[in-house]
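Chemist: So here's run14.pdb, just PDB, C-alpha atoms and all ligand atoms:
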```
MODEL        1
ATOM      1  CA  MET D   1     -22.170  82.458 133.979
ATOM      2  CA  ARG D   2     -25.872  82.929 134.610
ATOM      3  CA  ALA D   3     -26.151  85.068 131.444
ATOM      4  CA  LEU D   4     -24.289  82.482 129.378
ATOM      5  CA  LEU D   5     -26.586  79.787 130.691
ATOM      6  CA  ALA D   6     -29.639  81.844 129.782
ATOM      7  CA  VAL D   7     -28.308  82.340 126.253
ATOM      8  CA  ALA D   8     -27.653  78.619 125.911
ATOM      9  CA  LEU D   9     -31.102  77.737 127.214
ATOM     10  CA  ALA D  10     -32.780  80.181 124.865
ATOM     11  CA  GLY D  11     -30.755  78.699 122.003
ATOM     12  CA  THR D  12     -29.700  82.178 120.902
ATOM     13  CA  ALA D  13     -26.235  82.529 119.378
ATOM     14  CA  LEU D  14     -24.342  85.814 119.408
ATOM     15  CA  ALA D  15     -23.273  85.656 115.768
ATOM     16  CA  ALA D  16     -24.071  83.789 112.578
ATOM     17  CA  PRO D  17     -21.457  81.430 111.077
ATOM     18  CA  ARG D  18     -19.039  82.723 108.459
ATOM     19  CA  PRO D  19     -20.098  81.589 104.967
ATOM     20  CA  ALA D  20     -17.570  80.268 102.433
ATOM     21  CA  ILE D  21     -15.676  83.188 100.890
ATOM     22  CA  VAL D  22     -13.344  83.047  97.881
ATOM     23  CA  ALA D  23     -10.421  85.501  97.995
ATOM     24  CA  LYS D  24     -10.009  87.483  94.743
ATOM     25  CA  PRO D  25      -8.156  90.586  95.939
ATOM     26  CA  ILE D  26      -7.873  93.611  93.679
ATOM     27  CA  PRO D  27      -4.506  95.377  93.699
ATOM     28  CA  PHE D  28      -4.511  97.866  96.587
ATOM     29  CA  SER D  29      -1.139  99.561  96.257
ATOM     30  CA  ASP D  30       0.401 102.167  98.544
ATOM     31  CA  ALA D  31      -0.643 104.721  95.915
ATOM     32  CA  ARG D  32      -4.267 103.596  96.108
ATOM     33  CA  ARG D  33      -4.135 103.736  99.907
ATOM     34  CA  ALA D  34      -2.816 107.301  99.698
ATOM     35  CA  GLU D  35      -5.582 108.227  97.227
ATOM     36  CA  THR D  36      -8.150 106.673  99.578
ATOM     37  CA  ALA D  37      -6.805 108.671 102.543
ATOM     38  CA  ALA D  38      -6.924 111.878 100.476
ATOM     39  CA  TYR D  39     -10.489 111.032  99.395
ATOM     40  CA  ALA D  40     -11.498 110.470 103.046
ATOM     41  CA  GLN D  41      -9.931 113.823 103.970
ATOM     42  CA  ARG D  42     -11.806 115.670 101.191
ATOM     43  CA  HIS D  43     -15.174 114.045 101.755
ATOM     44  CA  TYR D  44     -15.234 113.121 105.463
ATOM     45  CA  GLY D  45     -12.525 115.220 107.110
ATOM     46  CA  VAL D  46     -10.489 112.190 108.256
ATOM     47  CA  ARG D  47      -7.217 111.351 106.529
ATOM     48  CA  THR D  48      -7.167 107.560 106.628
ATOM     49  CA  TRP D  49      -7.557 104.534 104.358
ATOM     50  CA  ARG D  50      -8.430 102.337 107.336
ATOM     51  CA  LEU D  51     -11.952 101.144 108.036
ATOM     52  CA  THR D  52     -12.020 100.751 111.804
ATOM     53  CA  THR D  53     -15.600 100.488 113.083
ATOM     54  CA  PRO D  54     -18.091  99.934 110.266
ATOM     55  CA  HIS D  55     -21.644 100.877 111.287
ATOM     56  CA  VAL D  56     -23.417 100.247 107.982
ATOM     57  CA  ILE D  57     -23.640  97.526 105.320
ATOM     58  CA  VAL D  58     -24.614  98.817 101.856
ATOM     59  CA  GLU D  59     -26.098  96.443  99.278
ATOM     60  CA  HIS D  60     -25.539  97.134  95.565
ATOM     61  CA  PHE D  61     -25.920  95.523  92.164
ATOM     62  CA  THR D  62     -23.249  95.781  89.490
ATOM     63  CA  ALA D  63     -25.468  96.566  86.473
ATOM     64  CA  THR D  64     -23.254  94.055  84.634
ATOM     65  CA  SER D  65     -23.756  90.390  83.874
ATOM     66  CA  SER D  66     -20.399  88.952  84.970
ATOM     67  CA  PHE D  67     -18.158  88.887  88.013
ATOM     68  CA  SER D  68     -15.053  89.442  85.885
ATOM     69  CA  SER D  69     -16.261  92.768  84.492
ATOM     70  CA  ALA D  70     -17.009  94.009  88.018
ATOM     71  CA  TRP D  71     -13.578  92.829  89.231
ATOM     72  CA  ASN D  72     -11.870  94.606  86.320
ATOM     73  CA  THR D  73     -13.699  97.869  87.042
ATOM     74  CA  PHE D  74     -12.753  97.774  90.722
ATOM     75  CA  ALA D  75      -9.150  96.759  90.019
ATOM     76  CA  SER D  76      -8.579  99.714  87.688
ATOM     77  CA  ASP D  77      -6.352 102.524  88.939
ATOM     78  CA  ALA D  78      -8.135 105.049  86.712
ATOM     79  CA  PRO D  79     -10.550 107.626  88.170
ATOM     80  CA  ASP D  80     -14.184 106.452  88.219
ATOM     81  CA  ALA D  81     -16.212 107.139  85.086
ATOM     82  CA  GLU D  82     -19.118 108.911  86.788
ATOM     83  CA  LEU D  83     -17.525 111.385  89.200
ATOM     84  CA  GLY D  84     -13.945 111.414  87.902
ATOM     85  CA  GLU D  85     -12.107 110.977  91.207
ATOM     86  CA  ARG D  86      -9.347 108.696  92.419
ATOM     87  CA  PRO D  87      -9.242 106.096  93.781
ATOM     88  CA  GLY D  88     -11.621 104.217  91.494
ATOM     89  CA  THR D  89     -14.697 102.553  92.942
ATOM     90  CA  CYS D  90     -14.642  99.181  94.665
ATOM     91  CA  ALA D  91     -16.597  96.943  97.017
ATOM     92  CA  HIS D  92     -15.443  94.613  99.757
ATOM     93  CA  PHE D  93     -17.487  91.703  98.374
ATOM     94  CA  VAL D  94     -19.069  90.677  95.068
ATOM     95  CA  ILE D  95     -21.663  87.889  95.009
ATOM     96  CA  ASP D  96     -21.915  86.071  91.697
ATOM     97  CA  ARG D  97     -25.096  84.714  90.101
ATOM     98  CA  ASP D  98     -24.315  81.176  91.305
ATOM     99  CA  GLY D  99     -24.026  82.317  94.929
ATOM    100  CA  THR D 100     -20.205  82.387  95.093
ATOM    101  CA  ILE D 101     -19.028  85.095  97.496
ATOM    102  CA  TYR D 102     -15.806  86.814  96.422
ATOM    103  CA  GLN D 103     -13.844  89.127  98.717
ATOM    104  CA  LEU D 104     -11.911  91.827  96.858
ATOM    105  CA  VAL D 105     -10.760  94.151  99.641
ATOM    106  CA  PRO D 106      -9.872  93.537 103.327
ATOM    107  CA  LEU D 107     -12.519  94.611 105.828
ATOM    108  CA  SER D 108      -9.912  96.860 107.446
ATOM    109  CA  THR D 109      -9.703  99.031 104.302
ATOM    110  CA  ILE D 110     -12.044 101.790 103.116
ATOM    111  CA  CYS D 111     -13.605 101.042  99.746
ATOM    112  CA  ARG D 112     -15.264 103.670  97.610
ATOM    113  CA  HIS D 113     -18.785 102.341  96.880
ATOM    114  CA  THR D 114     -21.305 104.820  98.383
ATOM    115  CA  VAL D 115     -20.933 108.600  98.465
ATOM    116  CA  GLY D 116     -21.337 109.814 102.066
ATOM    117  CA  LEU D 117     -20.857 106.421 103.709
ATOM    118  CA  ASN D 118     -17.505 104.984 102.656
ATOM    119  CA  TRP D 119     -15.855 106.084 105.923
ATOM    120  CA  THR D 120     -17.959 103.644 107.963
ATOM    121  CA  SER D 121     -19.497 101.061 105.665
ATOM    122  CA  ILE D 122     -18.945  97.665 104.111
ATOM    123  CA  GLY D 123     -19.971  97.381 100.447
ATOM    124  CA  ILE D 124     -21.552  94.240  99.006
ATOM    125  CA  GLU D 125     -22.073  94.062  95.237
ATOM    126  CA  HIS D 126     -24.320  91.552  93.513
ATOM    127  CA  VAL D 127     -23.796  90.610  89.871
ATOM    128  CA  GLY D 128     -27.094  91.584  88.274
ATOM    129  CA  THR D 129     -29.021  94.324  86.573
ATOM    130  CA  SER D 130     -31.914  94.985  88.978
ATOM    131  CA  ASP D 131     -32.989  94.440  92.590
ATOM    132  CA  ALA D 132     -35.536  91.911  91.309
ATOM    133  CA  SER D 133     -32.869  89.905  89.466
ATOM    134  CA  ILE D 134     -31.151  89.252  92.816
ATOM    135  CA  LEU D 135     -34.309  88.823  94.922
ATOM    136  CA  GLY D 136     -35.474  86.293  92.314
ATOM    137  CA  ASN D 137     -32.230  84.262  92.370
ATOM    138  CA  PRO D 138     -32.411  81.944  95.417
ATOM    139  CA  ARG D 139     -28.718  80.938  95.432
ATOM    140  CA  GLN D 140     -27.448  84.491  95.123
ATOM    141  CA  LEU D 141     -29.938  85.843  97.657
ATOM    142  CA  ARG D 142     -29.171  83.094 100.167
ATOM    143  CA  ALA D 143     -25.419  83.782  99.913
ATOM    144  CA  SER D 144     -26.053  87.508 100.322
ATOM    145  CA  LEU D 145     -28.192  87.035 103.439
ATOM    146  CA  LYS D 146     -25.649  84.663 105.020
ATOM    147  CA  LEU D 147     -22.765  87.035 104.350
ATOM    148  CA  THR D 148     -24.668  90.057 105.639
ATOM    149  CA  LEU D 149     -25.846  88.254 108.776
ATOM    150  CA  TRP D 150     -22.285  87.122 109.548
ATOM    151  CA  LEU D 151     -20.991  90.702 109.125
ATOM    152  CA  MET D 152     -23.800  92.073 111.325
ATOM    153  CA  GLY D 153     -22.723  89.778 114.146
ATOM    154  CA  ARG D 154     -19.035  90.435 113.689
ATOM    155  CA  TYR D 155     -19.412  94.240 113.799
ATOM    156  CA  ARG D 156     -22.617  94.535 115.868
ATOM    157  CA  ILE D 157     -24.484  96.185 112.989
ATOM    158  CA  SER D 158     -28.241  96.541 113.500
ATOM    159  CA  LEU D 159     -30.907  95.513 110.988
ATOM    160  CA  PRO D 160     -31.899  99.127 110.042
ATOM    161  CA  ASN D 161     -28.231  99.829 109.240
ATOM    162  CA  VAL D 162     -28.287  97.209 106.479
ATOM    163  CA  ILE D 163     -29.344  99.490 103.643
ATOM    164  CA  GLY D 164     -29.599  99.655  99.884
ATOM    165  CA  HIS D 165     -27.450 102.136  97.979
ATOM    166  CA  ALA D 166     -30.664 104.032  97.119
ATOM    167  CA  GLU D 167     -31.240 104.547 100.865
ATOM    168  CA  SER D 168     -27.837 106.171 101.494
ATOM    169  CA  LEU D 169     -29.053 109.755 101.970
ATOM    170  CA  THR D 170     -31.329 108.835 104.898
ATOM    171  CA  SER D 171     -28.656 106.875 106.777
ATOM    172  CA  ARG D 172     -27.859 108.443 110.135
ATOM    173  CA  TYR D 173     -24.174 107.871 109.304
ATOM    174  CA  HIS D 174     -24.254 109.789 105.994
ATOM    175  CA  ARG D 175     -21.792 112.650 105.854
ATOM    176  CA  GLU D 176     -20.398 114.528 102.860
ATOM    177  CA  ARG D 177     -18.250 117.667 103.083
ATOM    178  CA  TYR D 178     -18.128 118.296  99.315
ATOM    179  CA  ALA D 179     -21.360 120.238  98.616
ATOM    180  CA  PRO D 180     -21.960 119.116  94.986
ATOM    181  CA  TRP D 181     -22.058 115.492  96.186
ATOM    182  CA  ARG D 182     -24.173 116.160  99.287
ATOM    183  CA  CYS D 183     -27.361 114.690  97.749
ATOM    184  CA  GLN D 184     -25.718 112.236  95.306
ATOM    185  CA  THR D 185     -26.953 108.637  95.398
ATOM    186  CA  HIS D 186     -27.781 105.744  93.058
ATOM    187  CA  GLY D 187     -30.913 103.787  92.199
ATOM    188  CA  ASP D 188     -29.739 100.311  93.196
ATOM    189  CA  TRP D 189     -31.721  98.621  95.994
ATOM    190  CA  GLN D 190     -34.783 100.787  96.489
ATOM    191  CA  ARG D 191     -36.419 100.949  99.913
ATOM    192  CA  ALA D 192     -39.326  98.629  98.987
ATOM    193  CA  ASP D 193     -36.877  95.949  97.838
ATOM    194  CA  MET D 194     -34.739  96.454 100.950
ATOM    195  CA  VAL D 195     -37.828  95.954 103.120
ATOM    196  CA  THR D 196     -38.164  92.564 101.428
ATOM    197  CA  TYR D 197     -34.436  91.926 101.903
ATOM    198  CA  ARG D 198     -34.411  92.928 105.599
ATOM    199  CA  THR D 199     -37.495  90.776 106.244
ATOM    200  CA  ALA D 200     -35.668  87.796 104.733
ATOM    201  CA  LEU D 201     -32.596  88.671 106.816
ATOM    202  CA  ALA D 202     -34.647  88.714 110.036
ATOM    203  CA  ARG D 203     -36.183  85.359 109.026
ATOM    204  CA  LEU D 204     -32.720  83.821 108.499
ATOM    205  CA  ALA D 205     -31.572  85.214 111.879
ATOM    206  CA  ARG D 206     -34.542  83.555 113.574
ATOM    207  CA  ALA D 207     -33.857  80.266 111.792
ATOM    208  CA  GLN D 208     -30.208  80.389 112.911
ATOM    209  CA  HIS D 209     -31.188  81.507 116.430
ATOM    210  CA  VAL D 210     -29.106  84.660 116.057
ATOM    211  CA  ALA D 211     -30.204  87.826 117.857
ATOM    212  CA  VAL D 212     -30.241  91.007 115.723
ATOM    213  CA  SER D 213     -30.595  94.566 116.991
ATOM    214  CA  ARG D 214     -33.350  96.772 115.549
ATOM    215  CA  ALA D 215     -31.805 100.005 116.837
ATOM    216  CA  GLY D 216     -31.544 103.021 114.567
ATOM    217  CA  GLY D 217     -33.388 103.663 111.344
ATOM    218  CA  PRO D 218     -33.628 106.294 108.633
ATOM    219  CA  VAL D 219     -33.357 110.043 109.263
ATOM    220  CA  ALA D 220     -34.428 113.047 107.171
ATOM    221  CA  SER D 221     -31.897 113.716 104.407
ATOM    222  CA  GLY D 222     -32.601 117.391 103.715
ATOM    223  CA  CYS D 223     -32.226 116.638 100.008
TER     224      CYS D 223
HETATM  225 ZN    ZN H 301     -24.478 100.929  94.202
ENDMDL
END
```
Turn this file's structure into structure tokens for me.
Modeler:
Amino acid sequence: MRALLAVALAGTALAAPRPAIVAKPIPFSDARRAETAAYAQRHYGVRTWRLTTPHVIVEHFTATSSFSSAWNTFASDAPDAELGERPGTCAHFVIDRDGTIYQLVPLSTICRHTVGLNWTSIGIEHVGTSDASILGNPRQLRASLKLTLWLMGRYRISLPNVIGHAESLTSRYHRERYAPWRCQTHGDWQRADMVTYRTALARLARAQHVAVSRAGGPVASGC
């Protein structure tokens, strides 16, 4: 009771409010679940399609100019074009240029968006072709920050564990059993841009009186 009173007096909430989210699920058949479990076995040593305790949020951009093209790519049951594995790639959320947040996959399901981190991460895609194109779009950025802050509260994810795809190799949660992919990453959301993003996230948390943890941080990748 005393602790609750202290929280109330300090005006600090435990979690940010859930933003508006539009459901646009991609087909996630039993076959795709089985492919996801086999992928998790090959790459992480755990045979499951279930995402149970996500520790990391990974920010991406689609390198396309429309939501529909991203949805179509993620909905495909073909192997991905880059690495040639099934299931195809996906992300839990895609944020459109106008700030609409679409959810494509349940948060209880592993999505293949970041080599080394899919077993414990939530993927957020942004329709755009560069970090700057999202940082420079106030409606899209605002939606992204609100969504990320809500997820941080829901899963107790700390600020340093909100990363850009380009930061994947230095995540303390990175693991990859398949040697050729051990040092594989992408160029979306470079560290300098994620510093800007995390600063904006901390500012939004303060404005909403939401406490965020600063525990953790990058580790040496060995790559
Ligand atoms: Zn990416």
Chemist: Between D:Cys183, D:Val22, D:Ala166, D:Val210, which has the minimum distance to ligand ZN 301 (chain H) (counting only C-alpha atoms and all ligand atoms)?
Modeler: D:Ala166
Chemist: Work out how far apart CA of Arg206 in chain D and CA of Thr148 in chain D are and give it in Å to one decimal.
Modeler: 14.2 Å
Chemist: For Asp80 in chain D, find every residue with an atom within 10 Å (counting all atoms listed in the file), except residues of its own chain fewer than 6 positions away, and show them as a list in words.
Modeler: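 Near Asp80 in chain D, the qualifying residues are Thr73, Phe74, Arg86, Pro87, Gly88, Thr89, Cys90 and Arg112 of chain D.
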Chemist: How many Å separate CA of Thr129 in chain D from CA of Leu51 in chain D?
Modeler: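 CA of Leu51 in chain D lies 28.3 Å from CA of Thr129 in chain D.
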Chemist: Quick one: which residues end up in the PyMOL selection byres (((not hetatm)) within 12 of (chain H and resi 301)) for this structure, as an mmCIF file with C-alpha atoms, in the frame of the given file?
Modeler:
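out_31.cif, written as the output of this step:
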```cif
data_model
loop_
_atom_site.group_PDB
_atom_site.id
_atom_site.type_symbol
_atom_site.label_atom_id
_atom_site.label_comp_id
_atom_site.auth_asym_id
_atom_site.auth_seq_id
_atom_site.Cartn_x
_atom_site.Cartn_y
_atom_site.Cartn_z
ATOM 1 C CA ILE D 57 -23.640 97.526 105.320
ATOM 2 C CA VAL D 58 -24.614 98.817 101.856
ATOM 3 C CA GLU D 59 -26.098 96.443 99.278
ATOM 4 C CA HIS D 60 -25.539 97.134 95.565
ATOM 5 C CA PHE D 61 -25.920 95.523 92.164
ATOM 6 C CA THR D 62 -23.249 95.781 89.490
ATOM 7 C CA ALA D 63 -25.468 96.566 86.473
ATOM 8 C CA THR D 64 -23.254 94.055 84.634
ATOM 9 C CA ALA D 70 -17.009 94.009 88.018
ATOM 10 C CA THR D 89 -14.697 102.553 92.942
ATOM 11 C CA CYS D 90 -14.642 99.181 94.665
ATOM 12 C CA ALA D 91 -16.597 96.943 97.017
ATOM 13 C CA VAL D 94 -19.069 90.677 95.068
ATOM 14 C CA ARG D 112 -15.264 103.670 97.610
ATOM 15 C CA HIS D 113 -18.785 102.341 96.880
ATOM 16 C CA THR D 114 -21.305 104.820 98.383
ATOM 17 C CA VAL D 115 -20.933 108.600 98.465
ATOM 18 C CA LEU D 117 -20.857 106.421 103.709
ATOM 19 C CA ASN D 118 -17.505 104.984 102.656
ATOM 20 C CA ILE D 122 -18.945 97.665 104.111
ATOM 21 C CA GLY D 123 -19.971 97.381 100.447
ATOM 22 C CA ILE D 124 -21.552 94.240 99.006
ATOM 23 C CA GLU D 125 -22.073 94.062 95.237
ATOM 24 C CA HIS D 126 -24.320 91.552 93.513
ATOM 25 C CA VAL D 127 -23.796 90.610 89.871
ATOM 26 C CA GLY D 128 -27.094 91.584 88.274
ATOM 27 C CA THR D 129 -29.021 94.324 86.573
ATOM 28 C CA SER D 130 -31.914 94.985 88.978
ATOM 29 C CA ASP D 131 -32.989 94.440 92.590
ATOM 30 C CA ILE D 163 -29.344 99.490 103.643
ATOM 31 C CA GLY D 164 -29.599 99.655 99.884
ATOM 32 C CA HIS D 165 -27.450 102.136 97.979
ATOM 33 C CA ALA D 166 -30.664 104.032 97.119
ATOM 34 C CA GLU D 167 -31.240 104.547 100.865
ATOM 35 C CA SER D 168 -27.837 106.171 101.494
ATOM 36 C CA GLN D 184 -25.718 112.236 95.306
ATOM 37 C CA THR D 185 -26.953 108.637 95.398
ATOM 38 C CA HIS D 186 -27.781 105.744 93.058
ATOM 39 C CA GLY D 187 -30.913 103.787 92.199
ATOM 40 C CA ASP D 188 -29.739 100.311 93.196
ATOM 41 C CA TRP D 189 -31.721 98.621 95.994
ATOM 42 C CA GLN D 190 -34.783 100.787 96.489
#
```
Chemist: Decode the PyMOL selection byres (((chain D and resi 37) around 9) and not hetatm) for the given file into explicit residues and return them as an MDAnalysis selection string.
Modeler: chainID D and resid 32:36 38:42 46:50 110
Chemist: For this file, the PyMOL selection byres (((chain D and resi 204) around 12) and not hetatm) selects which residues, as a JSON list (two decimals) with C-alpha atoms, in the frame of the given file?
Modeler:
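And here is the file that came out, part-v2.json:
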```
[["chain", "number", "residue", "atom", "x", "y", "z"],
["D", 16, "ALA", "CA", -24.07, 83.79, 112.58],
["D", 17, "PRO", "CA", -21.46, 81.43, 111.08],
["D", 141, "LEU", "CA", -29.94, 85.84, 97.66],
["D", 142, "ARG", "CA", -29.17, 83.09, 100.17],
["D", 143, "ALA", "CA", -25.42, 83.78, 99.91],
["D", 144, "SER", "CA", -26.05, 87.51, 100.32],
["D", 145, "LEU", "CA", -28.19, 87.04, 103.44],
["D", 146, "LYS", "CA", -25.65, 84.66, 105.02],
["D", 147, "LEU", "CA", -22.76, 87.04, 104.35],
["D", 148, "THR", "CA", -24.67, 90.06, 105.64],
["D", 149, "LEU", "CA", -25.85, 88.25, 108.78],
["D", 150, "TRP", "CA", -22.28, 87.12, 109.55],
["D", 197, "TYR", "CA", -34.44, 91.93, 101.90],
["D", 198, "ARG", "CA", -34.41, 92.93, 105.60],
["D", 199, "THR", "CA", -37.49, 90.78, 106.24],
["D", 200, "ALA", "CA", -35.67, 87.80, 104.73],
["D", 201, "LEU", "CA", -32.60, 88.67, 106.82],
["D", 202, "ALA", "CA", -34.65, 88.71, 110.04],
["D", 203, "ARG", "CA", -36.18, 85.36, 109.03],
["D", 205, "ALA", "CA", -31.57, 85.21, 111.88],
["D", 206, "ARG", "CA", -34.54, 83.56, 113.57],
["D", 207, "ALA", "CA", -33.86, 80.27, 111.79],
["D", 208, "GLN", "CA", -30.21, 80.39, 112.91],
["D", 209, "HIS", "CA", -31.19, 81.51, 116.43],
["D", 210, "VAL", "CA", -29.11, 84.66, 116.06],
["D", 211, "ALA", "CA", -30.20, 87.83, 117.86],
["D", 212, "VAL", "CA", -30.24, 91.01, 115.72]]
```
Chemist: Find, counting all atoms listed in the file, the residue in D:Ala220, D:Ala78, D:Met152, D:Ile26 that gets nearest to Cys111 in chain D.
Modeler: D:Ile26
Chemist: Any idea what the distance is between CA of Asn137 in chain D and CA of Gly216 in chain D?
Modeler: 29.1 Å
Chemist: Specify the axis-aligned box that encloses all atoms of range 179-189 of chain D listed in the file after padding of 6 Å on each side, stating its centre and edge lengths in Å to one decimal as JSON.
Modeler:
```
{"center_x": -26.5, "center_y": 109.4, "center_z": 95.7, "size_x": 22.4, "size_y": 33.6, "size_z": 19.1}
```
Chemist: Here is a test: counting only C-alpha atoms, which residue of D:His174, D:His92, D:Arg182, D:Arg214 is nearest to Pro160 in chain D?
Modeler: D:Arg214
Chemist: From the list D:Tyr155, D:Ala179, D:Ser29, D:Ser213, which residue is nearest Thr52 in chain D when using only C-alpha atoms?
Modeler: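 For Thr52 in chain D, the nearest of the candidates is D:Tyr155.
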Chemist: How would range 95-103 of chain D read, as a PDB file, in the coordinates of the input, once all heavy atoms are built in?
Modeler:
```pdb
ATOM      1  N   ILE D  95     -20.986  89.188  95.010  1.00  0.00           N
ATOM      2  CA  ILE D  95     -21.663  87.889  95.009  1.00  0.00           C
ATOM      3  C   ILE D  95     -22.118  87.576  93.596  1.00  0.00           C
ATOM      4  O   ILE D  95     -22.867  88.338  92.989  1.00  0.00           O
ATOM      5  CB  ILE D  95     -22.852  87.882  95.990  1.00  0.00           C
ATOM      6  CG1 ILE D  95     -22.379  88.293  97.397  1.00  0.00           C
ATOM      7  CG2 ILE D  95     -23.509  86.493  96.005  1.00  0.00           C
ATOM      8  CD1 ILE D  95     -23.479  88.377  98.425  1.00  0.00           C
ATOM      9  N   ASP D  96     -21.631  86.449  93.085  1.00  0.00           N
ATOM     10  CA  ASP D  96     -21.915  86.071  91.697  1.00  0.00           C
ATOM     11  C   ASP D  96     -23.306  85.432  91.590  1.00  0.00           C
ATOM     12  O   ASP D  96     -23.936  85.090  92.583  1.00  0.00           O
ATOM     13  CB  ASP D  96     -20.825  85.115  91.200  1.00  0.00           C
ATOM     14  CG  ASP D  96     -20.631  85.196  89.691  1.00  0.00           C
ATOM     15  OD1 ASP D  96     -21.498  85.774  89.001  1.00  0.00           O
ATOM     16  OD2 ASP D  96     -19.610  84.665  89.206  1.00  0.00           O
ATOM     17  N   ARG D  97     -23.749  85.241  90.359  1.00  0.00           N
ATOM     18  CA  ARG D  97     -25.096  84.714  90.101  1.00  0.00           C
ATOM     19  C   ARG D  97     -25.298  83.312  90.688  1.00  0.00           C
ATOM     20  O   ARG D  97     -26.411  82.926  91.014  1.00  0.00           O
ATOM     21  CB  ARG D  97     -25.375  84.675  88.590  1.00  0.00           C
ATOM     22  CG  ARG D  97     -25.305  86.013  87.874  1.00  0.00           C
ATOM     23  CD  ARG D  97     -26.368  86.997  88.308  1.00  0.00           C
ATOM     24  NE  ARG D  97     -27.714  86.593  87.917  1.00  0.00           N
ATOM     25  CZ  ARG D  97     -28.828  87.119  88.426  1.00  0.00           C
ATOM     26  NH1 ARG D  97     -28.754  88.059  89.380  1.00  0.00           N
ATOM     27  NH2 ARG D  97     -30.014  86.720  88.024  1.00  0.00           N
ATOM     28  N   ASP D  98     -24.189  82.542  90.791  1.00  0.00           N
ATOM     29  CA  ASP D  98     -24.315  81.176  91.305  1.00  0.00           C
ATOM     30  C   ASP D  98     -24.187  81.116  92.825  1.00  0.00           C
ATOM     31  O   ASP D  98     -24.160  80.033  93.405  1.00  0.00           O
ATOM     32  CB  ASP D  98     -23.266  80.264  90.656  1.00  0.00           C
ATOM     33  CG  ASP D  98     -21.830  80.645  91.050  1.00  0.00           C
ATOM     34  OD1 ASP D  98     -21.642  81.633  91.788  1.00  0.00           O
ATOM     35  OD2 ASP D  98     -20.902  79.949  90.600  1.00  0.00           O
ATOM     36  N   GLY D  99     -24.099  82.285  93.471  1.00  0.00           N
ATOM     37  CA  GLY D  99     -24.026  82.317  94.929  1.00  0.00           C
ATOM     38  C   GLY D  99     -22.604  82.325  95.488  1.00  0.00           C
ATOM     39  O   GLY D  99     -22.418  82.359  96.699  1.00  0.00           O
ATOM     40  N   THR D 100     -21.589  82.309  94.604  1.00  0.00           N
ATOM     41  CA  THR D 100     -20.205  82.387  95.093  1.00  0.00           C
ATOM     42  C   THR D 100     -19.948  83.786  95.657  1.00  0.00           C
ATOM     43  O   THR D 100     -20.259  84.787  95.015  1.00  0.00           O
ATOM     44  CB  THR D 100     -19.198  82.113  93.954  1.00  0.00           C
ATOM     45  OG1 THR D 100     -19.514  80.853  93.372  1.00  0.00           O
ATOM     46  CG2 THR D 100     -17.772  82.108  94.477  1.00  0.00           C
ATOM     47  N   ILE D 101     -19.371  83.823  96.861  1.00  0.00           N
ATOM     48  CA  ILE D 101     -19.028  85.095  97.496  1.00  0.00           C
ATOM     49  C   ILE D 101     -17.537  85.347  97.287  1.00  0.00           C
ATOM     50  O   ILE D 101     -16.704  84.547  97.731  1.00  0.00           O
ATOM     51  CB  ILE D 101     -19.323  85.062  99.011  1.00  0.00           C
ATOM     52  CG1 ILE D 101     -20.801  84.767  99.265  1.00  0.00           C
ATOM     53  CG2 ILE D 101     -18.888  86.372  99.669  1.00  0.00           C
ATOM     54  CD1 ILE D 101     -21.121  84.471 100.740  1.00  0.00           C
ATOM     55  N   TYR D 102     -17.197  86.421  96.611  1.00  0.00           N
ATOM     56  CA  TYR D 102     -15.806  86.814  96.422  1.00  0.00           C
ATOM     57  C   TYR D 102     -15.485  87.999  97.322  1.00  0.00           C
ATOM     58  O   TYR D 102     -16.288  88.933  97.433  1.00  0.00           O
ATOM     59  CB  TYR D 102     -15.549  87.230  94.966  1.00  0.00           C
ATOM     60  CG  TYR D 102     -15.730  86.118  93.967  1.00  0.00           C
ATOM     61  CD1 TYR D 102     -16.890  86.036  93.197  1.00  0.00           C
ATOM     62  CD2 TYR D 102     -14.744  85.156  93.779  1.00  0.00           C
ATOM     63  CE1 TYR D 102     -17.064  85.010  92.273  1.00  0.00           C
ATOM     64  CE2 TYR D 102     -14.909  84.130  92.855  1.00  0.00           C
ATOM     65  CZ  TYR D 102     -16.067  84.067  92.101  1.00  0.00           C
ATOM     66  OH  TYR D 102     -16.231  83.053  91.185  1.00  0.00           O
ATOM     67  N   GLN D 103     -14.306  87.955  97.962  1.00  0.00           N
ATOM     68  CA  GLN D 103     -13.844  89.127  98.717  1.00  0.00           C
ATOM     69  C   GLN D 103     -12.722  89.788  97.937  1.00  0.00           C
ATOM     70  O   GLN D 103     -11.734  89.140  97.579  1.00  0.00           O
ATOM     71  CB  GLN D 103     -13.369  88.741 100.118  1.00  0.00           C
ATOM     72  CG  GLN D 103     -12.950  89.986 100.918  1.00  0.00           C
ATOM     73  CD  GLN D 103     -12.785  89.735 102.401  1.00  0.00           C
ATOM     74  OE1 GLN D 103     -12.883  88.610 102.869  1.00  0.00           O
ATOM     75  NE2 GLN D 103     -12.542  90.811 103.147  1.00  0.00           N
TER      76      GLN D 103
END
```
